[in-house]
file query_27.tsv (TSV, C-alpha atoms)
chain	number	residue	atom	x	y	z
A	1	MET	CA	-34.02	-12.35	76.16
A	2	LYS	CA	-37.41	-13.19	74.79
A	3	ARG	CA	-35.79	-15.02	71.93
A	4	GLY	CA	-33.64	-17.04	74.40
A	5	ASN	CA	-36.72	-18.16	76.31
A	6	ARG	CA	-38.41	-19.24	73.11
A	7	ASP	CA	-35.36	-21.35	72.10
A	8	ALA	CA	-35.25	-23.03	75.50
A	9	SER	CA	-38.93	-23.91	75.37
A	10	HIS	CA	-38.48	-25.27	71.80
A	11	TRP	CA	-35.62	-27.55	72.97
A	12	ASN	CA	-37.62	-28.69	75.96
A	13	LYS	CA	-40.48	-29.63	73.69
A	14	SER	CA	-38.20	-31.55	71.31
A	15	LEU	CA	-36.60	-33.38	74.21
A	16	ARG	CA	-40.00	-34.45	75.55
A	17	VAL	CA	-41.05	-35.70	72.12
A	18	ALA	CA	-37.78	-37.65	71.80
A	19	LEU	CA	-38.25	-39.15	75.26
A	20	VAL	CA	-41.82	-40.18	74.46
A	21	LEU	CA	-40.67	-41.79	71.21
A	22	MET	CA	-37.86	-43.65	72.97
A	23	THR	CA	-40.26	-44.87	75.67
A	24	LEU	CA	-42.71	-46.07	73.02
A	25	THR	CA	-39.93	-47.92	71.13
A	26	LEU	CA	-38.77	-49.58	74.36
A	27	LEU	CA	-42.35	-50.60	75.15
A	28	VAL	CA	-42.78	-52.14	71.71
A	29	LEU	CA	-39.48	-54.05	72.06
A	30	VAL	CA	-40.27	-55.31	75.57
A	31	SER	CA	-43.78	-56.45	74.65
A	32	GLY	CA	-42.43	-58.15	71.52
A	33	CYS	CA	-39.89	-60.12	73.57
A	34	ALA	CA	-42.54	-61.03	76.14
A	35	LEU	CA	-44.89	-62.35	73.47
A	36	ARG	CA	-42.13	-64.45	71.90
A	37	GLY	CA	-41.19	-65.97	75.26
A	38	ASN	CA	-44.80	-66.83	75.92
A	39	HIS	CA	-45.09	-68.54	72.51
A	40	ASN	CA	-41.96	-70.64	73.15
A	41	SER	CA	-43.17	-71.80	76.52
A	42	THR	CA	-46.53	-72.83	74.99
A	43	ALA	CA	-44.72	-74.87	72.30
A	44	GLY	CA	-42.57	-76.49	74.97
A	45	GLN	CA	-45.64	-77.44	76.93
A	46	SER	CA	-47.31	-79.07	73.92
A	47	GLY	CA	-44.06	-80.95	73.18
A	48	GLN	CA	-44.07	-82.30	76.72
A	49	GLN	CA	-47.66	-83.34	76.30
A	50	ALA	CA	-46.82	-85.32	73.18
A	51	THR	CA	-43.93	-87.05	74.93
A	52	GLY	CA	-46.12	-87.84	77.87
A	53	GLN	CA	-48.69	-89.47	75.64
A	54	SER	CA	-46.14	-91.48	73.71
A	55	THR	CA	-44.59	-92.98	76.83
A	56	GLY	CA	-47.85	-93.58	78.61
A	57	THR	CA	-49.73	-96.85	78.18
A	58	GLY	CA	-53.01	-95.05	77.39
A	59	SER	CA	-56.44	-96.49	76.79
A	60	GLY	CA	-58.08	-97.44	73.53
A	61	ALA	CA	-59.39	-93.90	73.14
A	62	SER	CA	-55.96	-92.30	73.44
A	63	GLN	CA	-54.74	-91.42	69.95
A	64	GLY	CA	-52.23	-88.61	70.56
A	65	THR	CA	-49.11	-87.69	68.67
A	66	GLY	CA	-47.01	-90.26	70.58
A	67	SER	CA	-49.16	-93.24	69.66
A	68	ASN	CA	-49.32	-92.05	66.06
A	69	SER	CA	-45.55	-91.88	66.06
A	70	ALA	CA	-45.37	-95.53	67.21
A	71	VAL	CA	-47.82	-96.49	64.45
A	72	GLN	CA	-45.73	-94.62	61.89
A	73	GLN	CA	-42.60	-96.39	63.07
A	74	VAL	CA	-44.36	-99.75	62.79
A	75	GLN	CA	-45.48	-98.90	59.24
A	76	SER	CA	-42.01	-97.77	58.25
A	77	ALA	CA	-40.49	-100.97	59.71
A	78	ASP	CA	-43.13	-103.02	57.87
A	79	GLN	CA	-42.04	-101.49	54.55
A	80	GLN	CA	-38.37	-102.08	55.36
A	81	VAL	CA	-39.04	-105.71	56.29
A	82	GLN	CA	-41.04	-106.31	53.08
A	83	ASP	CA	-38.14	-104.85	51.08
A	84	ALA	CA	-35.60	-106.98	52.96
A	85	LEU	CA	-37.70	-110.09	52.27
A	86	SER	CA	-37.47	-109.44	48.54
A	87	GLY	CA	-33.70	-109.12	48.97
A	88	MET	CA	-33.70	-112.41	50.87
A	89	ASP	CA	-35.62	-114.10	48.03
A	90	SER	CA	-33.22	-112.75	45.44
A	91	ALA	CA	-30.24	-114.00	47.51
A	92	GLN	CA	-31.94	-117.39	47.89
A	93	ASN	CA	-32.35	-117.59	44.10
A	94	ASP	CA	-28.61	-116.99	43.73
A	95	ALA	CA	-27.94	-119.70	46.33
A	96	ASN	CA	-30.25	-122.15	44.56
A	97	SER	CA	-28.48	-121.47	41.25
A	98	ALA	CA	-25.14	-122.12	42.94
A	99	ASP	CA	-26.52	-125.42	44.29
A	100	THR	CA	-27.73	-126.47	40.84
A	101	GLN	CA	-24.40	-125.53	39.28
A	102	SER	CA	-22.49	-127.51	41.92
A	103	SER	CA	-24.40	-130.66	41.03
A	104	GLN	CA	-23.57	-130.25	37.34
A	105	VAL	CA	-19.82	-129.79	37.67
A	106	SER	CA	-17.72	-132.51	36.14
A	107	ASN	CA	-14.45	-133.34	37.92
A	108	ILE	CA	-12.94	-135.19	34.99
A	109	VAL	CA	-9.49	-134.05	33.92
A	110	PRO	CA	-8.62	-135.05	30.33
B	1	MET	CA	-55.11	-143.06	-0.55
B	2	LYS	CA	-56.57	-141.77	2.65
B	3	PHE	CA	-54.28	-141.26	5.66
B	4	SER	CA	-56.15	-143.83	7.76
B	5	ALA	CA	-55.83	-146.39	4.98
B	6	LEU	CA	-52.12	-145.61	4.63
B	7	LEU	CA	-51.71	-146.06	8.40
B	8	ARG	CA	-53.44	-149.44	8.23
B	9	SER	CA	-51.15	-150.54	5.38
B	10	ILE	CA	-47.96	-150.02	7.49
B	11	PRO	CA	-47.00	-153.13	9.41
B	12	ARG	CA	-47.62	-152.81	13.16
B	13	HIS	CA	-44.05	-153.59	14.17
B	14	LEU	CA	-42.80	-150.70	11.99
B	15	LEU	CA	-45.11	-148.32	13.84
B	16	ALA	CA	-43.81	-149.61	17.16
B	17	VAL	CA	-40.20	-149.07	16.08
B	18	GLY	CA	-41.04	-145.55	14.93
B	19	MET	CA	-42.67	-144.65	18.21
B	20	ALA	CA	-39.78	-146.08	20.22
B	21	ALA	CA	-37.33	-144.08	18.11
B	22	SER	CA	-39.31	-140.87	18.68
B	23	ILE	CA	-39.32	-141.41	22.43
B	24	ALA	CA	-35.62	-142.23	22.45
B	25	LEU	CA	-34.74	-139.15	20.41
B	26	GLY	CA	-36.91	-136.92	22.60
B	27	GLY	CA	-35.23	-138.28	25.69
B	28	LEU	CA	-31.84	-137.73	24.14
B	29	GLY	CA	-32.73	-134.11	23.48
B	30	ALA	CA	-33.75	-133.58	27.08
B	31	SER	CA	-30.71	-135.31	28.50
B	32	THR	CA	-28.42	-133.28	26.22
B	33	ALA	CA	-29.97	-130.08	27.52
B	34	LEU	CA	-29.37	-131.11	31.14
B	35	ALA	CA	-25.93	-132.62	30.71
B	36	ALA	CA	-22.74	-130.94	31.88
B	37	PRO	CA	-20.59	-129.27	29.20
B	38	SER	CA	-18.70	-131.80	27.10
B	39	VAL	CA	-15.21	-132.63	28.35
B	40	THR	CA	-12.18	-132.13	26.15
B	41	THR	CA	-10.05	-135.17	25.43
B	42	CYS	CA	-6.27	-134.74	25.41
B	43	THR	CA	-3.68	-137.28	24.41
B	44	ARG	CA	-1.44	-138.64	27.18
B	45	THR	CA	1.52	-136.36	26.38
B	46	ASP	CA	-0.33	-133.26	25.14
B	47	VAL	CA	0.68	-130.69	27.78
B	48	LYS	CA	-0.75	-127.74	25.88
B	49	CYS	CA	-4.14	-129.39	25.67
B	50	VAL	CA	-4.21	-130.00	29.44
B	51	ILE	CA	-3.03	-126.44	30.14
B	52	ALA	CA	-5.73	-125.01	27.87
B	53	PHE	CA	-8.34	-127.16	29.61
B	54	GLY	CA	-7.13	-126.05	33.07
B	55	ASP	CA	-6.97	-122.37	32.10
B	56	LEU	CA	-10.54	-122.55	30.89
B	57	ARG	CA	-11.70	-124.14	34.17
B	58	ILE	CA	-9.83	-121.46	36.14
B	59	ASP	CA	-11.40	-118.69	34.05
B	60	GLU	CA	-14.88	-120.13	34.66
B	61	ARG	CA	-14.25	-120.16	38.42
B	62	THR	CA	-12.74	-116.67	38.47
B	63	ALA	CA	-15.77	-115.32	36.59
B	64	ALA	CA	-18.14	-117.07	39.01
B	65	LEU	CA	-16.26	-115.58	41.97
B	66	THR	CA	-16.49	-112.12	40.41
B	67	ARG	CA	-20.23	-112.60	40.08
B	68	LEU	CA	-20.46	-113.62	43.75
B	69	ASN	CA	-18.58	-110.46	44.68
B	70	ASP	CA	-20.97	-108.37	42.54
B	71	ARG	CA	-24.00	-109.97	44.18
B	72	ALA	CA	-22.61	-109.24	47.64
B	73	ASN	CA	-22.04	-105.61	46.61
B	74	PHE	CA	-25.57	-105.46	45.20
B	75	GLN	CA	-27.01	-106.58	48.54
B	76	VAL	CA	-24.89	-103.95	50.33
B	77	ALA	CA	-26.13	-101.24	47.94
B	78	ALA	CA	-29.72	-102.36	48.54
B	79	GLY	CA	-29.12	-102.06	52.29
B	80	HIS	CA	-29.81	-105.74	52.95
B	81	ILE	CA	-26.37	-106.63	54.31
B	82	THR	CA	-23.71	-104.48	55.94
B	83	THR	CA	-20.28	-103.74	54.45
B	84	SER	CA	-18.81	-105.73	57.31
B	85	GLN	CA	-20.93	-108.78	56.40
B	86	ALA	CA	-19.99	-108.37	52.72
B	87	SER	CA	-16.31	-108.05	53.56
B	88	ALA	CA	-16.22	-111.69	54.75
B	89	ILE	CA	-17.52	-112.78	51.33
B	90	GLN	CA	-15.18	-110.40	49.51
B	91	ALA	CA	-12.19	-111.70	51.48
B	92	ASP	CA	-13.09	-115.26	50.51
B	93	VAL	CA	-13.46	-114.23	46.85
B	94	THR	CA	-10.06	-112.50	46.90
B	95	SER	CA	-8.37	-115.43	48.62
B	96	ASN	CA	-9.76	-117.95	46.12
B	97	LYS	CA	-9.00	-115.74	43.12
B	98	ASN	CA	-5.41	-115.32	44.30
B	99	GLY	CA	-5.08	-119.06	44.86
B	100	LEU	CA	-6.45	-119.81	41.40
B	101	ALA	CA	-4.18	-117.20	39.82
B	102	ALA	CA	-1.14	-118.83	41.48
B	103	LEU	CA	-2.29	-122.26	40.29
B	104	LYS	CA	-2.78	-120.90	36.76
B	105	SER	CA	0.81	-119.56	36.75
B	106	LYS	CA	2.07	-122.97	37.87
B	107	LEU	CA	-0.08	-124.80	35.32
B	108	ASP	CA	0.93	-122.52	32.45
B	109	ALA	CA	4.61	-123.15	33.21
B	110	GLU	CA	4.30	-126.97	33.22
B	111	THR	CA	6.18	-128.92	30.56
B	112	ASP	CA	5.13	-132.37	31.73
B	113	ALA	CA	1.63	-133.61	30.96
B	114	ALA	CA	1.29	-135.56	34.21
B	115	ALA	CA	2.22	-132.50	36.29
B	116	ALA	CA	-0.18	-130.37	34.28
B	117	ARG	CA	-2.93	-132.96	34.91
B	118	GLN	CA	-2.23	-132.80	38.64
B	119	ASP	CA	-2.52	-129.00	38.55
B	120	ALA	CA	-5.80	-129.30	36.66
B	121	ARG	CA	-7.04	-131.80	39.25
B	122	ASN	CA	-6.12	-129.35	42.01
B	123	ILE	CA	-8.51	-126.80	40.50
B	124	TYR	CA	-11.26	-129.12	41.74
B	125	VAL	CA	-9.75	-130.75	44.79
B	126	GLN	CA	-8.04	-127.79	46.42
B	127	PHE	CA	-10.53	-125.05	45.64
B	128	ARG	CA	-13.93	-126.66	45.20
B	129	ILE	CA	-15.29	-123.34	43.94
B	130	PHE	CA	-18.51	-124.73	42.46
B	131	ALA	CA	-18.98	-127.57	44.93
B	132	VAL	CA	-18.22	-125.73	48.19
B	133	VAL	CA	-17.30	-122.04	47.99
B	134	LEU	CA	-20.13	-120.65	45.89
B	135	PRO	CA	-23.04	-122.58	47.46
B	136	ARG	CA	-21.69	-121.82	50.96
B	137	ASP	CA	-21.03	-118.10	50.35
B	138	TYR	CA	-24.32	-117.48	48.54
B	139	HIS	CA	-26.12	-119.13	51.46
B	140	GLU	CA	-24.10	-116.96	53.82
B	141	ILE	CA	-25.51	-113.89	52.10
B	142	VAL	CA	-29.01	-115.31	52.64
B	143	LEU	CA	-28.14	-115.93	56.30
B	144	ASP	CA	-26.79	-112.39	56.70
B	145	ILE	CA	-30.01	-110.93	55.33
B	146	MET	CA	-32.04	-113.21	57.59
B	147	THR	CA	-29.95	-112.14	60.60
B	148	ASN	CA	-30.59	-108.47	59.82
B	149	VAL	CA	-34.32	-108.93	59.23
B	150	GLN	CA	-34.65	-110.96	62.43
B	151	ALA	CA	-32.79	-108.30	64.44
B	152	LYS	CA	-34.98	-105.55	62.99
B	153	MET	CA	-38.14	-107.49	63.82
B	154	ALA	CA	-36.99	-108.30	67.36
B	155	GLY	CA	-36.06	-104.63	67.90
B	156	LEU	CA	-39.52	-103.59	66.80
B	157	GLU	CA	-41.30	-105.52	69.57
B	158	PRO	CA	-41.41	-102.68	72.18
B	159	LYS	CA	-42.81	-100.27	69.54
B	160	LEU	CA	-45.46	-102.81	68.57
B	161	GLN	CA	-46.44	-103.27	72.22
B	162	GLN	CA	-46.76	-99.51	72.60
B	163	ALA	CA	-48.78	-99.13	69.41
B	164	ILE	CA	-51.08	-102.00	70.43
B	165	ALA	CA	-51.58	-100.51	73.91
B	166	ASN	CA	-52.60	-97.21	72.32
B	167	ALA	CA	-54.90	-98.83	69.74
B	168	PRO	CA	-58.69	-98.87	70.19
B	169	SER	CA	-59.80	-101.66	72.52
B	170	SER	CA	-61.97	-103.13	69.73
B	171	VAL	CA	-58.87	-104.25	67.78
B	172	GLN	CA	-56.55	-105.08	70.64
B	173	ALA	CA	-57.47	-108.78	70.88
B	174	GLN	CA	-56.77	-109.24	67.16
B	175	LEU	CA	-53.53	-107.29	67.43
B	176	ASN	CA	-52.41	-109.27	70.48
B	177	THR	CA	-53.00	-112.58	68.71
B	178	LEU	CA	-50.91	-111.40	65.77
B	179	TYR	CA	-48.26	-110.03	68.11
B	180	SER	CA	-48.03	-113.30	70.00
B	181	ASP	CA	-47.47	-115.25	66.76
B	182	TYR	CA	-45.02	-112.58	65.60
B	183	THR	CA	-42.78	-112.89	68.68
B	184	ALA	CA	-42.91	-116.72	68.52
B	185	LYS	CA	-41.86	-116.73	64.85
B	186	VAL	CA	-39.12	-114.13	65.37
B	187	ALA	CA	-37.71	-116.27	68.22
B	188	ALA	CA	-37.97	-119.46	66.13
B	189	ALA	CA	-36.15	-117.75	63.24
B	190	SER	CA	-33.39	-116.75	65.63
B	191	THR	CA	-32.87	-120.41	66.62
B	192	GLN	CA	-32.75	-121.56	62.98
B	193	ILE	CA	-30.29	-118.79	62.08
B	194	THR	CA	-28.04	-119.72	65.01
B	195	ASN	CA	-28.14	-123.41	64.05
B	196	ALA	CA	-27.33	-122.68	60.40
B	197	ASN	CA	-24.52	-120.26	61.31
B	198	GLY	CA	-23.03	-122.94	63.52
B	199	LEU	CA	-22.57	-125.23	60.50
B	200	VAL	CA	-21.01	-122.75	58.06
B	201	SER	CA	-17.41	-123.39	59.16
B	202	TYR	CA	-17.78	-127.11	58.33
B	203	PHE	CA	-18.21	-126.44	54.63
B	204	THR	CA	-14.61	-126.53	53.42
B	205	PRO	CA	-12.96	-128.27	50.46
B	206	ASP	CA	-11.05	-130.46	52.92
B	207	ASN	CA	-14.22	-131.70	54.60
B	208	LEU	CA	-15.87	-132.39	51.27
B	209	ASN	CA	-12.80	-134.37	50.17
B	210	ASN	CA	-12.24	-136.29	53.40
B	211	ASN	CA	-15.57	-136.38	55.29
B	212	THR	CA	-17.97	-136.46	52.39
B	213	ALA	CA	-20.87	-138.23	54.14
B	214	THR	CA	-20.87	-135.85	57.15
B	215	TYR	CA	-20.44	-132.92	54.80
B	216	ARG	CA	-23.51	-133.92	52.79
B	217	SER	CA	-25.56	-134.56	55.90
B	218	ASN	CA	-24.55	-131.21	57.45
B	219	TRP	CA	-25.33	-129.48	54.19
B	220	LEU	CA	-28.86	-130.88	54.17
B	221	THR	CA	-29.34	-129.76	57.79
B	222	PHE	CA	-27.91	-126.34	56.96
B	223	ARG	CA	-30.29	-125.90	54.05
B	224	SER	CA	-33.33	-127.07	56.00
B	225	ASP	CA	-32.43	-124.68	58.88
B	226	ILE	CA	-32.32	-121.80	56.42
B	227	LEU	CA	-35.57	-122.92	54.82
B	228	ALA	CA	-37.32	-123.13	58.21
B	229	GLY	CA	-35.85	-119.79	59.32
B	230	ARG	CA	-37.05	-118.14	56.14
B	231	ALA	CA	-40.54	-119.54	56.65
B	232	ASP	CA	-40.56	-118.19	60.23
B	233	LEU	CA	-39.47	-114.75	59.06
B	234	ARG	CA	-42.08	-114.76	56.30
B	235	GLN	CA	-44.83	-115.60	58.78
B	236	ALA	CA	-43.58	-112.93	61.21
B	237	ALA	CA	-43.49	-110.42	58.34
B	238	SER	CA	-47.06	-111.32	57.44
B	239	ASP	CA	-48.12	-110.78	61.07
B	240	LEU	CA	-46.29	-107.47	61.11
B	241	HIS	CA	-47.94	-106.35	57.89
B	242	GLN	CA	-51.40	-107.20	59.21
B	243	MET	CA	-50.68	-105.34	62.46
B	244	ALA	CA	-49.41	-102.31	60.54
B	245	GLN	CA	-52.59	-102.28	58.42
B	246	ILE	CA	-54.88	-102.53	61.46
B	247	LEU	CA	-52.94	-99.85	63.34
B	248	LYS	CA	-53.01	-97.56	60.31
B	249	ALA	CA	-56.75	-98.00	59.85
B	250	ASN	CA	-57.36	-97.14	63.51
B	251	SER	CA	-54.72	-94.50	64.12
B	252	THR	CA	-56.93	-91.49	63.25
B	253	THR	CA	-60.01	-92.65	65.18
B	254	ALA	CA	-60.54	-90.53	68.27
B	255	THR	CA	-62.78	-93.03	70.02
B	256	PRO	CA	-62.87	-96.81	69.86
B	257	THR	CA	-65.45	-98.43	67.61
B	258	PRO	CA	-68.00	-100.19	69.81
B	259	THR	CA	-68.15	-103.94	69.30
B	260	ALA	CA	-71.51	-105.41	68.34
call {"tool": "encode", "arguments": {"input": "query_27.tsv", "output": "structure tokens"}}
result
Amino acid sequence: MKRGNRDASHWNKSLRVALVLMTLTLLVLVSGCALRGNHNSTAGQSGQQATGQSTGTGSGASQGTGSNSAVQQVQSADQQVQDALSGMDSAQNDANSADTQSSQVSNIVP
Amino acid sequence: MKFSALLRSIPRHLLAVGMAASIALGGLGASTALAAPSVTTCTRTDVKCVIAFGDLRIDERTAALTRLNDRANFQVAAGHITTSQASAIQADVTSNKNGLAALKSKLDAETDAAAARQDARNIYVQFRIFAVVLPRDYHEIVLDIMTNVQAKMAGLEPKLQQAIANAPSSVQAQLNTLYSDYTAKVAAASTQITNANGLVSYFTPDNLNNNTATYRSNWLTFRSDILAGRADLRQAASDLHQMAQILKANSTTATPTPTA
């Protein structure tokens, strides 16, 4: 009888420990998810801020991500245009050579 | 005998003849360098000679067309013209090569010298590869590049406006002046490109053969339109480059630099 009581109390104790461990694990999981959600919403907010700045007209002092993006696009287009101009020059050289050649052609058939 | 004494002993008229000969020979050298390749002479009934001459002329034109095709492909690979723009050139190359190949077959089969001569004449008159096709198509490549550059520059205008609006107030006046010139030049280039494109279809072998004076006049207009359009694009590109430099230099500044 005494031994039966001792077994029951041992099981009770183990069950409590298991419950506490499960509760702790759940808590850790829930807080982890909450933190991640919070982080995402902060990133979303900063993204919105950047978009807002890029579409706004802004003053001279405004130098946010949006305006920098416009500057970067201008710089990239500048490089592309410079490259295209060199292509245009090379094509014009070909055209000039064709013009020169056309003036030198003889139409005489022997 | 000293050289000066020797010089004095030569009669003056001999010196004059020598100098004239030197000038004449020098001129001959220069004119030989600039002259067209020498033309073969065939006897009246020599069919083979005429065929060989014609085949050579056809080969020269076929090689030149292949080079045109290569140059169009080069510009596509460099991203300066689209495959669709190049396909118009390539189609013209193929059509002319096929026409020349058919003429070569006809020429090679001729047994009469007069008929062979007519075929050889047709290499020039019907195809006009060097006189019409190549100058026109090479200029079309230039026009295609100009069209693409102009479109890119026009499409950039809203971004430039945005970047200028966000720039420090100290540089906005300078940027706006450049921007104003930029838009004017981009618009002017568009007009020149449209005018030049409108003339392209006139440049055909038929028009060169039958309306030579108008052809020549249109060709001069066509070339000057391209020249003016290129100058406009160059100026616009210079404006753009200056704006990009100013924007870059001021893009990291948190506050505008006060003007003196």
call {"tool": "atom_distance", "arguments": {"input": "query_27.tsv", "atom1": "atom CA of Tyr215 of chain B", "atom2": "atom CA of Ala95 of chain A"}}
result
17.4 Å
call {"tool": "atom_distance", "arguments": {"input": "query_27.tsv", "atom1": "atom CA of Leu156 of chain B", "atom2": "atom CA of Ser86 of chain A"}}
result
19.3 Å
call {"tool": "closest_residue", "arguments": {"input": "query_27.tsv", "among": "B:Ala88, B:Ala102, B:Val133, B:Ala213", "to": "chain A", "atoms": "only C-alpha atoms"}}
result
B:Val133
call {"tool": "closest_atom_pairs", "arguments": {"input": "query_27.tsv", "of": "chain B", "to": "chain A", "cutoff": "8 Å", "atoms": "only C-alpha atoms", "output": "Markdown table"}}
result
| residue | atom | partner | partner_atom | distance |
| --- | --- | --- | --- | --- |
| B:Ala35 | CA | A:Gln104 | CA | 7.4 |
| B:Ala36 | CA | A:Gln104 | CA | 5.6 |
| B:Val39 | CA | A:Pro110 | CA | 7.3 |
| B:Thr40 | CA | A:Pro110 | CA | 6.2 |
| B:Thr41 | CA | A:Pro110 | CA | 5.1 |
| B:Cys42 | CA | A:Pro110 | CA | 5.5 |
| B:Val50 | CA | A:Pro110 | CA | 6.8 |
| B:Phe53 | CA | A:Pro110 | CA | 7.9 |
| B:Gln75 | CA | A:Gly87 | CA | 7.2 |
| B:Ala78 | CA | A:Gly87 | CA | 7.9 |
| B:His80 | CA | A:Ala84 | CA | 5.9 |
| B:Arg117 | CA | A:Val109 | CA | 6.7 |
| B:Ala120 | CA | A:Val109 | CA | 6.6 |
| B:Arg121 | CA | A:Val109 | CA | 6.3 |
| B:Tyr124 | CA | A:Asn107 | CA | 6.5 |
| B:Phe130 | CA | A:Ser102 | CA | 4.9 |
| B:Ala131 | CA | A:Ser102 | CA | 4.6 |
| B:Val132 | CA | A:Ser102 | CA | 7.8 |
| B:Leu134 | CA | A:Ala98 | CA | 6.0 |
| B:Pro135 | CA | A:Ala98 | CA | 5.0 |
| B:Tyr138 | CA | A:Ala95 | CA | 4.8 |
| B:His139 | CA | A:Ala95 | CA | 5.5 |
| B:Ile141 | CA | A:Ala91 | CA | 6.6 |
| B:Val142 | CA | A:Ala91 | CA | 5.4 |
| B:Ile145 | CA | A:Met88 | CA | 6.0 |
| B:Met146 | CA | A:Met88 | CA | 7.0 |
| B:Val149 | CA | A:Val81 | CA | 6.4 |
| B:Lys152 | CA | A:Val81 | CA | 7.8 |
| B:Met153 | CA | A:Val81 | CA | 7.8 |
| B:Leu156 | CA | A:Val74 | CA | 7.4 |
| B:Lys159 | CA | A:Ala70 | CA | 5.9 |
| B:Leu160 | CA | A:Val74 | CA | 6.6 |
| B:Gln162 | CA | A:Ala70 | CA | 6.8 |
| B:Ala163 | CA | A:Ala70 | CA | 5.4 |
| B:Ala165 | CA | A:Thr57 | CA | 5.9 |
| B:Asn166 | CA | A:Gly58 | CA | 5.5 |
| B:Ala167 | CA | A:Gly60 | CA | 5.1 |
| B:Pro168 | CA | A:Gly60 | CA | 3.7 |
| B:Ser169 | CA | A:Gly60 | CA | 4.7 |
| B:Ser170 | CA | A:Gly60 | CA | 7.9 |
| B:Arg234 | CA | A:Leu85 | CA | 7.6 |
| B:Ala237 | CA | A:Val81 | CA | 6.8 |
| B:Leu240 | CA | A:Asp78 | CA | 6.3 |
| B:His241 | CA | A:Asp78 | CA | 5.9 |
| B:Ala244 | CA | A:Gln75 | CA | 5.4 |
| B:Gln245 | CA | A:Gln75 | CA | 7.9 |
| B:Leu247 | CA | A:Val71 | CA | 6.2 |
| B:Lys248 | CA | A:Val71 | CA | 6.7 |
| B:Ser251 | CA | A:Asn68 | CA | 6.2 |
| B:Thr252 | CA | A:Gln63 | CA | 7.0 |
| B:Thr253 | CA | A:Gln63 | CA | 7.2 |
| B:Ala254 | CA | A:Ala61 | CA | 6.0 |
| B:Thr255 | CA | A:Ala61 | CA | 4.7 |
| B:Pro256 | CA | A:Ala61 | CA | 5.6 |
call {"tool": "residues_near_point", "arguments": {"input": "query_27.tsv", "point": "(-24.1, -123.1, 56.7)", "cutoff": "9 Å", "atoms": "only C-alpha atoms", "output": "list in words"}}
result
Arg136, Asp137, His139, Glu140, Leu143, Asn195, Ala196, Asn197, Gly198, Leu199, Val200, Ser201, Tyr202, Phe203, Asn218, Trp219, Thr221, Phe222, Arg223, Asp225 and Ile226 of chain B
call {"tool": "axis_aligned_box", "arguments": {"input": "query_27.tsv", "around": "segment 71-89 of chain A", "padding_each_side": "6 Å", "output": "lines of an AutoDock Vina configuration file"}}
result
center_x = -40.8
center_y = -104.4
center_z = 56.2
size_x = 26.1
size_y = 31.5
size_z = 28.4
call {"tool": "closest_residue", "arguments": {"input": "query_27.tsv", "among": "B:Ser95, B:Thr83, B:Thr45, B:Asn69", "to": "Ala116 of chain B", "atoms": "only C-alpha atoms"}}
result
B:Thr45
call {"tool": "atom_distance", "arguments": {"input": "query_27.tsv", "atom1": "atom CA of Thr194 of chain B", "atom2": "atom CA of Ala228 of chain B"}}
result
12.0 Å
call {"tool": "closest_residue", "arguments": {"input": "query_27.tsv", "among": "B:Ser190, B:Gln172, B:Ser180, B:Gln118", "to": "Ala154 of chain B", "atoms": "all atoms listed in the file"}}
result
B:Ser190
call {"tool": "closest_residue", "arguments": {"input": "query_27.tsv", "among": "B:Ala236, B:Ser217, B:Thr147, B:Leu208", "to": "Thr183 of chain B", "atoms": "only C-alpha atoms"}}
result
B:Ala236
call {"tool": "closest_residue", "arguments": {"input": "query_27.tsv", "among": "B:Ser238, B:Gln192, B:Asn176, B:Thr62", "to": "Ile164 of chain B", "atoms": "all atoms listed in the file"}}
result
B:Asn176
